[in-house]
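**Q** If you scroll down you'll find the structure; I have some questions about it.
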Protein chains: 4
Amino acid sequence: MKAVVKTEEAFGAELLDVDIPVIGPRDVLVKVKAAAICGSDIYIYNWTPYAHGRIKPPLIFGHEMSGEVIETGEHVTSIKKGDIVAVETHISCGSCHQCQTGARHLCRNVAIFGVDTDGAFAEYARVPEVCCWKLSKGTSYDLGAILEPLGVAVHGIMADDVNGKSVAVFGCGPIGLFAIGAAAAFGAAKTFALEVVPERLAMARQLAPDAILINPKEQDPLTTIMEATDGLGVNVAIELSGNVEAAGQALKVLGHSGRVSLVGVPTGPIELNAYKDIIRKEAKILGVWGRLMWQTWWQVQNLLSMGKFDPLSVVTHRFPLADYAQAIELATKHEAGKILLYP
Amino acid sequence: MKAVVKTEEAFGAELLDVDIPVIGPRDVLVKVKAAAICGSDIYIYNWTPYAHGRIKPPLIFGHEMSGEVIETGEHVTSIKKGDIVAVETHISCGSCHQCQTGARHLCRNVAIFGVDTDGAFAEYARVPEVCCWKLSKGTSYDLGAILEPLGVAVHGIMADDVNGKSVAVFGCGPIGLFAIGAAAAFGAAKTFALEVVPERLAMARQLAPDAILINPKEQDPLTTIMEATDGLGVNVAIELSGNVEAAGQALKVLGHSGRVSLVGVPTGPIELNAYKDIIRKEAKILGVWGRLMWQTWWQVQNLLSMGKFDPLSVVTHRFPLADYAQAIELATKHEAGKILLYP
Amino acid sequence: MKAVVKTEEAFGAELLDVDIPVIGPRDVLVKVKAAAICGSDIYIYNWTPYAHGRIKPPLIFGHEMSGEVIETGEHVTSIKKGDIVAVETHISCGSCHQCQTGARHLCRNVAIFGVDTDGAFAEYARVPEVCCWKLSKGTSYDLGAILEPLGVAVHGIMADDVNGKSVAVFGCGPIGLFAIGAAAAFGAAKTFALEVVPERLAMARQLAPDAILINPKEQDPLTTIMEATDGLGVNVAIELSGNVEAAGQALKVLGHSGRVSLVGVPTGPIELNAYKDIIRKEAKILGVWGRLMWQTWWQVQNLLSMGKFDPLSVVTHRFPLADYAQAIELATKHEAGKILLYP
Amino acid sequence: MKAVVKTEEAFGAELLDVDIPVIGPRDVLVKVKAAAICGSDIYIYNWTPYAHGRIKPPLIFGHEMSGEVIETGEHVTSIKKGDIVAVETHISCGSCHQCQTGARHLCRNVAIFGVDTDGAFAEYARVPEVCCWKLSKGTSYDLGAILEPLGVAVHGIMADDVNGKSVAVFGCGPIGLFAIGAAAAFGAAKTFALEVVPERLAMARQLAPDAILINPKEQDPLTTIMEATDGLGVNVAIELSGNVEAAGQALKVLGHSGRVSLVGVPTGPIELNAYKDIIRKEAKILGVWGRLMWQTWWQVQNLLSMGKFDPLSVVTHRFPLADYAQAIELATKHEAGKILLYP
């Protein structure tokens, strides 16, 4: 089959002919119908520090995907041939403390599909049964391929409730855009969208005509948000940019008793002015990782059923798998929305 | 001044000329601009069992109101002449365990404005400073007069979160209609509205075109709701009818780990099939009373700021105060929406 | 092997020679080392209404047990020969909404070990892998056999927090005694123990010298508890007796914003005075079933590690399996503590 | 009267004869019976950066105190002459968003007793009615004087539940010692106490024989805690030292889904490795300030009623007020426990 393979510890990747994966007794073989490019795929391709040490070539990367099950391992019970599935990327052991106490996504023995194992940028993928989410009838493959990052946004937003609250979303990349849509649908009272790239700010405007947009390069977030909230600050902030300064700002714009969900992986250490920004106003910082298995997926399904926003509107480009290099280079510029690949 | 006075322990009330109230050092005098009729006003007027023992004539009843402050007691610090206020009906002591631990609406020494003290169906009312909610600029007196019952709905809905959840509202009187609007605005995924009076069901249809309407006289709520939720049942039910059977149904339609807010005062004891309807599915029953002081009022303000539903659309009739008898008799029929009186 | 078999839809059971169970690919075979008698075993033996329809003879009943794994099915990965295990009785499917959202004990397709399948009152038992809880080193078989009912008490107590709160435990059978010990260890400030059987009240006294004991036949619980709490009532009640009146009392003794965990399966419908006992004081009723899988088991392990109370002190009698009839008849009298059987 | 007065923007303070305070209509005059030295008193005396700008001499400082009410303002209703009171230091306005939503201790218009107003290191003190906590009968003045810092510890510990959880307390000054005692009483399963001053570590040993003590200068906290928790880390950490490194360690020793209460005011910015220490394990950071008014005071009262630890054991020194300089200099060395002053 054709597959995009990271062959060396260096920039780039190659489209190669490789063997179709052999599945184990608890795996299924999925014919990949659509895959999406995630930030970590960009890191792997560009061989950024994140990739060093973590990635062991050769590797078929890519982990956001949907497809059709064409074969099942002999111990598989919950999935059958012909099922249409999306993939949860956390391959959890099921037996550790985390797995036994509602935190399978934090499994002590976790492997990440498409990072620690061969993944989605290929014609076929081996997917462990425990990572399969069956798509409800009528879900398109495109939608299936973006449920995983949509889940990140939903988990970040719903790490605590948002109904009737003001919400500031830091970073309007694909997950930020999902977060803006999810916050509004889930009943947030007022939404602020912060982003330095004008193209992405324009996408936020499209998606959420009522949101207050802020370009921190042009406008001081603190001043704008305090004015718009009668000096109270927001109830909720969600940090998706991975920018160290943004994380600091997210705390500053937070009102008393507010919470920030830290989702974006920061590029370096965050400096906290703990007295003023956390202690004195009793702010809460919630670390958010991946998706709850499977509460978040059910929340995503509920969100979709509400019909209040269309996550596919965040998809701006579609490429055949063979054009992976062009697609990833476009993604690297941080101006596009979500980009899909089709094997 | 003119005032509607319950003069005897019997059906009815009289419009009398009485003295303008004398205020104490921690009270304000409010010129009543609009008042609304509540279920308990109906009970007081009709002298139902609820009123026996509780109500001590002579009493000016009515407690849902807005108006302008025209005089302030000498110890009053937070309210001044000219302020436009709505009235919270719980006159709390501020010193008991409840008042000190976030439950002032459950104050051990509480008195209810318009029930235990003279109230709103008059040209002027004495209002304790602790019961004043200043209206933000531009709020109409009509809207001010219905914030208190709107708060009941909001407190019931928000006794736990609703974002992304399915919600069944039992009873589509004014508070039920408010609850339907609030649930949708606060991000509920799917709403069911249950009511036996066709006129009120029609109002629910108007307010919430997407809601699934159920007339329990014509349709089995359990069957309808289970079919519409893939057999899971709803996440949230809110009981506003005070009907004993409805309370039982609210539990039956609840899915595993669901919660019901009991708000409507039942006409008699509720019979619980605890094993099947509570224990076996780990349901939660939350008693809900009045409004949190003042979290609920702030939530109401946030709700209004969202502009997703107009609570004034629930007002169906307006009368001069002198027509109180006609107004209350209309309210007694349970076919109207909210009814306002103007002194 | 020897096994206690319910052979007919009638009173009693027989000790028979039967085949050692054949295990499936996801089961293990356990040599039973200790088993405990639960209330439902009493119902099955005595053929009470609970058993009718539910139990399909022939059935080896009994479900509270510990033992040694002597064989594992071919797909079993987390358990190996020689492991010492206790048994969680809920055989959950792993795929339904409940299983996917943190409520495996409420699984839609659940079967109960020893009720819907052959169980523990035998020399060997077939146990699904998903029901095995590995015992930490040094745990005795006796302790292992009572972890399941201890978990019921812990789940009931910890359905919400108890630290620094007053707690009333209704019913001092084995689970009630466990609850008294767990509440104290987990930091409850004051404990009330209610029970009508003097022998069990004496056991509560032994276990918790500081607890306030109440025999509702001799003393009015409401009066006693209100006096001991300055008229506030308790923060937490836990209903374990299954007595309909006790459930009503549990709500009456509850203070404002308090919660009751309903655990005991009531013998009939509970009559709620919802206005006074739930709504007006904003009480919460939490249905509690079984144990969270596996949060409760971890909490049990933490509880044991604290060394503040010894659950084995609740065991009052031990019999060889062959004396099952004598043991169950003793248990039926409701005067003993926990009773163990040894195959 | 005699009073310790900060007369200049410089090191030190003077014992002066000053006028007895004149009280306003909502104040009471309290004869100070016992006062305790807080960390901020040390800062004020030593004129550290914290004091610059914040403190406006002349000021009678000190804020932890108990005493007898000897006069009440004319509008005071809840306190009367002869009442024995402790003082909550947050003088809240009662009308802002914070005060109206359960966060009076975060009042937007707050003044701090003994920091922004004259305080406790004097024979008499003017105390606003809203800051009075009536002591229950039999409470000693010494105990009354330390309820405020005890409340800080309780609020930090109880910012979320601790029952059955492992808890690491960073810093064994007086509040740290209180936290160790409170955590154990409220049902923590395992306690770690971290402190670099051997004298204070010895006090922790005295107070909590079961706690695991760690001197970070001699032992790596991470290694020790991970070994003692089977590699899971603790569920709860509470940072009371104000040491920047300790705050970082508190996050490192936290297990998945754990929470840290930040209470101690850090001496500088905290550097967060957000990916590893917060996001990847979904840790929670809770800012904690002062005490909830009045939930925390009630929790303190419950804690005292349990009799599981004696907060007075943390008091190591007692001085007449005239020896304030000696007392504060002793406190500055950070080797003593709590120090009391008697006017």
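Chain labels follow the order of the structure tokens: the first chain is A, the next B, and so on; residue numbering restarts at 1 in every chain, and ligands are counted from 1 in their shown order.
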If you count only C-alpha atoms, which residues fall within 7 Å of Ala13 (chain A), apart from same-chain ones fewer than 6 positions away, as a VMD selection string?
**A** chain A and resid 4 to 7 45
**Q** Using only C-alpha atoms, I'd like every residue of chain A that has an atom within 8 Å of chain C; please write them out as a PDB file with C-alpha atoms, in the first residue's frame.
**A**
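Resulting contents of iface-v4.pdb:
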```
ATOM      1  CA  HIS A  75     -10.496 -11.639  19.988  1.00  0.00           C
ATOM      2  CA  SER A  78     -17.348  -4.983  19.749  1.00  0.00           C
ATOM      3  CA  SER A  95      -5.421  -2.238  33.880  1.00  0.00           C
ATOM      4  CA  GLN A 100      -9.350   1.918  36.416  1.00  0.00           C
ATOM      5  CA  THR A 101     -10.325   5.324  37.737  1.00  0.00           C
ATOM      6  CA  GLY A 102     -11.835   7.122  34.784  1.00  0.00           C
ATOM      7  CA  MET A 293     -12.711   7.938  26.945  1.00  0.00           C
ATOM      8  CA  TRP A 294     -15.477   8.037  26.089  1.00  0.00           C
ATOM      9  CA  GLN A 295     -17.396  10.811  27.761  1.00  0.00           C
TER      10      GLN A 295
END
```
**Q** After a least-squares superposition on chain B over all sequentially paired C-alpha atoms, what is chain A as a compact mmCIF listing (two decimals) with C-alpha atoms, in the first residue's frame?
**A**
```txt
# COMPACT_ATOMS: atom_id res chain seq x y z
CA MET A 1 -52.76 54.44 48.63
CA LYS A 2 -54.69 51.72 46.77
CA ALA A 3 -53.84 48.17 47.78
CA VAL A 4 -55.24 44.68 47.24
CA VAL A 5 -55.83 43.36 50.75
CA LYS A 6 -56.66 39.89 51.95
CA THR A 7 -59.03 40.98 54.66
CA GLU A 8 -60.47 37.69 55.86
CA GLU A 9 -59.67 34.01 56.11
CA ALA A 10 -61.87 33.29 53.13
CA PHE A 11 -62.02 33.44 49.34
CA GLY A 12 -61.23 36.75 47.69
CA ALA A 13 -59.59 40.09 48.43
CA GLU A 14 -60.52 43.76 48.50
CA LEU A 15 -59.13 46.88 46.89
CA LEU A 16 -58.80 49.32 49.77
CA ASP A 17 -57.39 52.71 50.55
CA VAL A 18 -54.66 52.17 53.10
CA ASP A 19 -51.72 54.13 54.50
CA ILE A 20 -48.47 54.24 52.58
CA PRO A 21 -46.08 51.89 54.42
CA VAL A 22 -43.74 53.30 57.02
CA ILE A 23 -40.22 52.05 56.45
CA GLY A 24 -37.66 51.00 59.02
CA PRO A 25 -33.99 52.01 59.08
CA ARG A 26 -32.92 49.14 56.78
CA ASP A 27 -35.85 49.37 54.37
CA VAL A 28 -36.60 51.34 51.25
CA LEU A 29 -39.95 52.58 49.99
CA VAL A 30 -40.65 51.56 46.42
CA LYS A 31 -43.25 52.97 44.07
CA VAL A 32 -44.58 49.79 42.46
CA LYS A 33 -44.49 50.04 38.66
CA ALA A 34 -45.39 46.47 37.71
CA ALA A 35 -46.32 43.34 39.64
CA ALA A 36 -46.85 39.77 38.46
CA ILE A 37 -49.23 37.09 39.71
CA CYS A 38 -47.59 33.99 41.15
CA GLY A 39 -49.13 30.60 41.93
CA SER A 40 -49.06 31.38 45.63
CA ASP A 41 -51.08 34.56 45.03
CA ILE A 42 -53.72 32.34 43.45
CA TYR A 43 -53.71 30.15 46.57
CA ILE A 44 -54.02 33.13 48.85
CA TYR A 45 -56.86 34.63 46.88
CA ASN A 46 -58.73 31.32 46.57
CA TRP A 47 -57.92 30.45 50.20
CA THR A 48 -56.62 26.97 49.42
CA PRO A 49 -55.14 24.74 52.13
CA TYR A 50 -51.70 26.29 51.46
CA ALA A 51 -53.06 29.59 52.78
CA HIS A 52 -54.64 28.24 55.96
CA GLY A 53 -52.50 28.90 58.96
CA ARG A 54 -49.80 30.48 56.84
CA ILE A 55 -51.58 33.74 55.92
CA LYS A 56 -52.65 36.17 58.66
CA PRO A 57 -55.10 38.76 57.34
CA PRO A 58 -55.10 41.61 56.85
CA LEU A 59 -52.33 41.26 54.28
CA ILE A 60 -51.37 43.08 51.10
CA PHE A 61 -50.18 40.15 49.03
CA GLY A 62 -48.18 39.92 45.79
CA HIS A 63 -44.39 39.62 45.71
CA GLU A 64 -43.14 39.67 42.11
CA MET A 65 -42.54 43.33 41.35
CA SER A 66 -40.39 46.12 40.08
CA GLY A 67 -40.44 49.80 40.89
CA GLU A 68 -38.59 52.96 41.72
CA VAL A 69 -37.05 53.68 45.11
CA ILE A 70 -38.49 56.90 46.47
CA GLU A 71 -37.23 56.84 50.04
CA THR A 72 -34.48 55.02 51.94
CA GLY A 73 -34.12 54.15 55.62
CA GLU A 74 -31.35 55.81 57.58
CA HIS A 75 -29.12 52.73 57.77
CA VAL A 76 -29.44 51.84 54.10
CA THR A 77 -26.11 52.06 52.27
CA SER A 78 -26.35 50.18 48.99
CA ILE A 79 -29.55 51.62 47.53
CA LYS A 80 -30.43 55.23 46.87
CA LYS A 81 -33.46 57.27 45.86
CA GLY A 82 -34.17 56.90 42.17
CA ASP A 83 -32.77 53.37 41.88
CA ILE A 84 -34.90 50.99 39.84
CA VAL A 85 -35.23 47.66 41.60
CA ALA A 86 -36.77 44.23 41.45
CA VAL A 87 -37.54 42.36 44.65
CA GLU A 88 -36.08 39.13 45.95
CA THR A 89 -38.78 37.72 48.19
CA HIS A 90 -36.63 36.09 50.88
CA ILE A 91 -36.02 38.44 53.76
CA SER A 92 -33.03 36.71 55.30
CA CYS A 93 -31.48 37.39 58.68
CA GLY A 94 -27.84 37.30 57.54
CA SER A 95 -26.64 35.64 60.74
CA CYS A 96 -27.86 32.04 60.83
CA HIS A 97 -25.99 28.96 59.61
CA GLN A 98 -27.81 29.06 56.29
CA CYS A 99 -27.08 32.73 55.70
CA GLN A 100 -23.44 32.20 56.60
CA THR A 101 -22.90 29.23 54.33
CA GLY A 102 -24.24 30.31 50.97
CA ALA A 103 -27.89 29.47 51.51
CA ARG A 104 -29.54 32.76 52.45
CA HIS A 105 -32.65 31.70 50.56
CA LEU A 106 -33.02 28.90 53.15
CA CYS A 107 -32.53 31.27 56.10
CA ARG A 108 -33.76 29.83 59.39
CA ASN A 109 -35.47 33.07 60.28
CA VAL A 110 -36.76 33.91 56.85
CA ALA A 111 -39.86 35.95 56.18
CA ILE A 112 -41.38 36.04 52.71
CA PHE A 113 -42.19 39.42 51.23
CA GLY A 114 -45.85 39.56 50.31
CA VAL A 115 -46.66 36.45 52.33
CA ASP A 116 -45.35 37.16 55.81
CA THR A 117 -45.18 40.92 55.24
CA ASP A 118 -47.21 43.37 53.17
CA GLY A 119 -46.20 43.09 49.55
CA ALA A 120 -46.53 44.20 45.97
CA PHE A 121 -50.18 44.53 44.96
CA ALA A 122 -50.28 48.16 45.99
CA GLU A 123 -49.08 51.57 44.89
CA TYR A 124 -46.15 51.51 47.29
CA ALA A 125 -44.24 48.79 49.06
CA ARG A 126 -41.82 48.64 51.95
CA VAL A 127 -38.86 46.53 50.80
CA PRO A 128 -35.94 45.55 53.03
CA GLU A 129 -32.59 46.66 51.60
CA VAL A 130 -31.41 43.03 51.59
CA CYS A 131 -34.18 42.18 49.09
CA CYS A 132 -33.36 44.82 46.48
CA TRP A 133 -31.84 43.86 43.14
CA LYS A 134 -30.83 46.92 41.18
CA LEU A 135 -31.91 46.68 37.56
CA SER A 136 -29.32 47.42 34.94
CA LYS A 137 -30.00 50.41 32.73
CA GLY A 138 -32.64 49.94 30.13
CA THR A 139 -34.45 47.06 31.85
CA SER A 140 -38.18 47.61 31.52
CA TYR A 141 -40.43 47.50 34.56
CA ASP A 142 -42.28 44.60 32.96
CA LEU A 143 -39.09 42.59 32.70
CA GLY A 144 -38.12 43.60 36.23
CA ALA A 145 -41.43 42.26 37.56
CA ILE A 146 -40.81 38.75 36.20
CA LEU A 147 -37.16 38.33 37.16
CA GLU A 148 -38.09 36.60 40.40
CA PRO A 149 -40.05 33.72 38.76
CA LEU A 150 -37.53 33.64 35.91
CA GLY A 151 -34.93 33.09 38.64
CA VAL A 152 -36.87 30.09 39.94
CA ALA A 153 -36.61 28.50 36.50
CA VAL A 154 -32.93 29.35 36.15
CA HIS A 155 -32.12 28.01 39.62
CA GLY A 156 -33.97 24.79 38.82
CA ILE A 157 -32.23 24.33 35.49
CA MET A 158 -28.81 25.32 36.82
CA ALA A 159 -28.96 23.27 40.02
CA ASP A 160 -26.43 21.27 38.02
CA ASP A 161 -25.07 21.90 34.53
CA VAL A 162 -27.11 21.32 31.38
CA ASN A 163 -24.60 21.98 28.61
CA GLY A 164 -24.97 19.35 25.92
CA LYS A 165 -27.57 17.43 27.91
CA SER A 166 -31.14 16.39 27.23
CA VAL A 167 -33.72 18.09 29.43
CA ALA A 168 -37.37 17.29 30.16
CA VAL A 169 -39.48 20.13 31.56
CA PHE A 170 -42.61 18.98 33.40
CA GLY A 171 -45.24 21.72 33.38
CA CYS A 172 -45.45 24.62 30.93
CA GLY A 173 -46.88 27.33 33.13
CA PRO A 174 -44.90 30.56 33.19
CA ILE A 175 -41.96 29.06 35.12
CA GLY A 176 -41.95 26.00 32.86
CA LEU A 177 -41.85 28.24 29.82
CA PHE A 178 -38.99 30.20 31.35
CA ALA A 179 -37.22 26.90 32.02
CA ILE A 180 -37.60 25.80 28.43
CA GLY A 181 -36.10 29.05 27.22
CA ALA A 182 -33.29 29.00 29.77
CA ALA A 183 -32.36 25.37 29.10
CA ALA A 184 -32.01 26.04 25.38
CA ALA A 185 -30.00 29.21 25.92
CA PHE A 186 -27.69 27.49 28.40
CA GLY A 187 -26.83 24.82 25.83
CA ALA A 188 -29.17 21.91 26.45
CA ALA A 189 -28.95 19.50 23.52
CA LYS A 190 -32.55 18.38 23.38
CA THR A 191 -35.63 19.63 25.21
CA PHE A 192 -38.89 17.87 26.00
CA ALA A 193 -41.85 19.96 27.20
CA LEU A 194 -44.69 18.19 29.04
CA GLU A 195 -48.04 19.78 29.76
CA VAL A 196 -51.69 18.74 29.81
CA VAL A 197 -53.22 22.14 28.96
CA PRO A 198 -53.25 22.59 25.17
CA GLU A 199 -52.99 26.40 25.38
CA ARG A 200 -49.78 26.14 27.34
CA LEU A 201 -48.37 23.48 25.06
CA ALA A 202 -48.99 25.90 22.21
CA MET A 203 -47.01 28.56 24.07
CA ALA A 204 -44.14 26.10 24.46
CA ARG A 205 -44.25 25.42 20.72
CA GLN A 206 -44.02 29.15 20.05
CA LEU A 207 -41.12 29.61 22.43
CA ALA A 208 -39.11 26.55 21.44
CA PRO A 209 -39.79 25.34 17.91
CA ASP A 210 -37.18 22.57 18.32
CA ALA A 211 -38.57 21.15 21.57
CA ILE A 212 -40.42 17.84 21.57
CA LEU A 213 -43.86 18.50 23.05
CA ILE A 214 -45.73 15.87 25.00
CA ASN A 215 -49.27 16.01 26.33
CA PRO A 216 -49.27 13.23 28.94
CA LYS A 217 -53.03 12.88 28.52
CA GLU A 218 -52.55 11.88 24.92
CA GLN A 219 -49.13 10.30 24.82
CA ASP A 220 -47.07 8.22 27.22
CA PRO A 221 -44.08 10.39 28.25
CA LEU A 222 -41.90 7.38 28.98
CA THR A 223 -42.41 5.79 25.57
CA THR A 224 -41.89 9.04 23.67
CA ILE A 225 -38.80 10.08 25.58
CA MET A 226 -37.17 6.66 25.48
CA GLU A 227 -37.68 6.46 21.73
CA ALA A 228 -36.22 9.92 21.20
CA THR A 229 -33.15 9.14 23.31
CA ASP A 230 -32.21 5.71 21.97
CA GLY A 231 -33.53 4.16 25.15
CA LEU A 232 -31.16 6.14 27.36
CA GLY A 233 -33.64 8.53 28.94
CA VAL A 234 -32.93 12.17 29.65
CA ASN A 235 -29.99 13.57 31.59
CA VAL A 236 -32.06 16.19 33.35
CA ALA A 237 -35.68 16.58 34.38
CA ILE A 238 -37.21 19.59 36.06
CA GLU A 239 -40.54 19.24 37.82
CA LEU A 240 -42.53 22.46 37.85
CA SER A 241 -46.11 21.28 37.75
CA GLY A 242 -46.51 20.34 41.39
CA ASN A 243 -48.39 17.33 40.11
CA VAL A 244 -47.64 14.20 42.08
CA GLU A 245 -47.82 11.93 39.07
CA ALA A 246 -45.55 14.20 37.08
CA ALA A 247 -42.88 13.91 39.75
CA GLY A 248 -43.06 10.14 39.42
CA GLN A 249 -42.79 10.38 35.64
CA ALA A 250 -39.86 12.76 35.90
CA LEU A 251 -37.91 10.00 37.64
CA LYS A 252 -39.01 7.33 35.21
CA VAL A 253 -37.83 9.21 32.10
CA LEU A 254 -34.46 9.92 33.70
CA GLY A 255 -31.49 7.99 32.33
CA HIS A 256 -28.68 6.48 34.39
CA SER A 257 -26.83 9.04 36.50
CA GLY A 258 -29.47 11.63 35.64
CA ARG A 259 -30.88 14.29 37.92
CA VAL A 260 -34.25 15.75 38.53
CA SER A 261 -34.78 19.18 40.04
CA LEU A 262 -37.93 19.21 42.15
CA VAL A 263 -39.23 22.77 42.07
CA GLY A 264 -43.00 22.65 41.96
CA VAL A 265 -44.61 22.20 45.36
CA PRO A 266 -46.48 18.89 45.11
CA THR A 267 -50.11 18.74 46.06
CA GLY A 268 -49.45 15.63 48.20
CA PRO A 269 -46.87 13.00 49.03
CA ILE A 270 -44.85 11.61 46.13
CA GLU A 271 -44.60 7.84 45.90
CA LEU A 272 -41.11 6.70 44.97
CA ASN A 273 -40.27 3.35 43.47
CA ALA A 274 -36.81 3.87 44.86
CA TYR A 275 -35.19 0.65 43.67
CA LYS A 276 -36.03 1.00 40.00
CA ASP A 277 -36.24 4.76 39.63
CA ILE A 278 -33.43 5.97 41.88
CA ILE A 279 -31.07 3.33 43.22
CA ARG A 280 -30.69 1.00 40.26
CA LYS A 281 -29.83 3.84 37.90
CA GLU A 282 -28.13 6.11 40.44
CA ALA A 283 -30.49 8.99 39.82
CA LYS A 284 -30.18 12.20 41.80
CA ILE A 285 -33.08 14.22 43.18
CA LEU A 286 -32.28 17.84 43.93
CA GLY A 287 -34.65 19.94 45.96
CA VAL A 288 -34.76 23.46 44.55
CA TRP A 289 -36.22 26.45 46.32
CA GLY A 290 -36.39 30.10 45.34
CA ARG A 291 -33.18 31.56 44.01
CA LEU A 292 -29.61 31.64 45.20
CA MET A 293 -28.85 35.07 46.61
CA TRP A 294 -27.46 36.35 44.42
CA GLN A 295 -25.84 33.87 42.10
CA THR A 296 -29.14 33.11 40.42
CA TRP A 297 -29.87 36.78 39.79
CA TRP A 298 -26.48 37.14 38.11
CA GLN A 299 -27.21 34.07 36.01
CA VAL A 300 -30.52 35.61 35.03
CA GLN A 301 -28.68 38.76 33.99
CA ASN A 302 -26.24 36.69 31.91
CA LEU A 303 -29.17 34.86 30.35
CA LEU A 304 -30.81 38.12 29.37
CA SER A 305 -27.56 39.41 27.92
CA MET A 306 -27.40 36.40 25.61
CA GLY A 307 -30.56 37.50 23.84
CA LYS A 308 -31.51 33.94 22.94
CA PHE A 309 -35.01 34.10 24.31
CA ASP A 310 -37.31 36.89 25.45
CA PRO A 311 -38.93 36.15 28.82
CA LEU A 312 -41.52 38.84 28.13
CA SER A 313 -42.96 36.62 25.42
CA VAL A 314 -44.34 34.54 28.30
CA VAL A 315 -46.48 37.48 29.46
CA THR A 316 -49.92 37.08 27.91
CA HIS A 317 -52.12 39.51 29.85
CA ARG A 318 -51.79 42.91 31.48
CA PHE A 319 -54.35 44.55 33.82
CA PRO A 320 -54.63 47.65 35.94
CA LEU A 321 -54.35 46.77 39.61
CA ALA A 322 -58.04 47.53 40.11
CA ASP A 323 -58.87 44.53 37.91
CA TYR A 324 -57.01 42.19 40.24
CA ALA A 325 -60.01 39.89 40.68
CA GLN A 326 -60.44 39.33 36.97
CA ALA A 327 -56.70 38.81 36.60
CA ILE A 328 -56.40 36.28 39.40
CA GLU A 329 -59.47 34.41 38.24
CA LEU A 330 -57.92 34.17 34.79
CA ALA A 331 -54.69 32.92 36.33
CA THR A 332 -56.63 30.31 38.29
CA LYS A 333 -57.68 28.64 35.03
CA HIS A 334 -54.03 27.74 34.26
CA GLU A 335 -54.43 28.55 30.60
CA ALA A 336 -52.71 31.91 30.48
CA GLY A 337 -49.02 32.75 30.56
CA LYS A 338 -47.69 35.33 33.00
CA ILE A 339 -50.13 38.08 34.01
CA LEU A 340 -49.01 41.57 35.01
CA LEU A 341 -50.76 44.15 37.17
CA TYR A 342 -50.09 47.89 37.12
CA PRO A 343 -50.91 50.01 40.19
```
**Q** Taking only region 21-260 of chain C into account, list the residues labelled strand (DSSP E or B) by DSSP (computed from the backbone), as a ChimeraX atom specification.
**A** /C:27-36,59-60,64-72,84-87,90-91,111-112,122,124-128,132-134,166-170,190-194,212-214,234-239,254-260
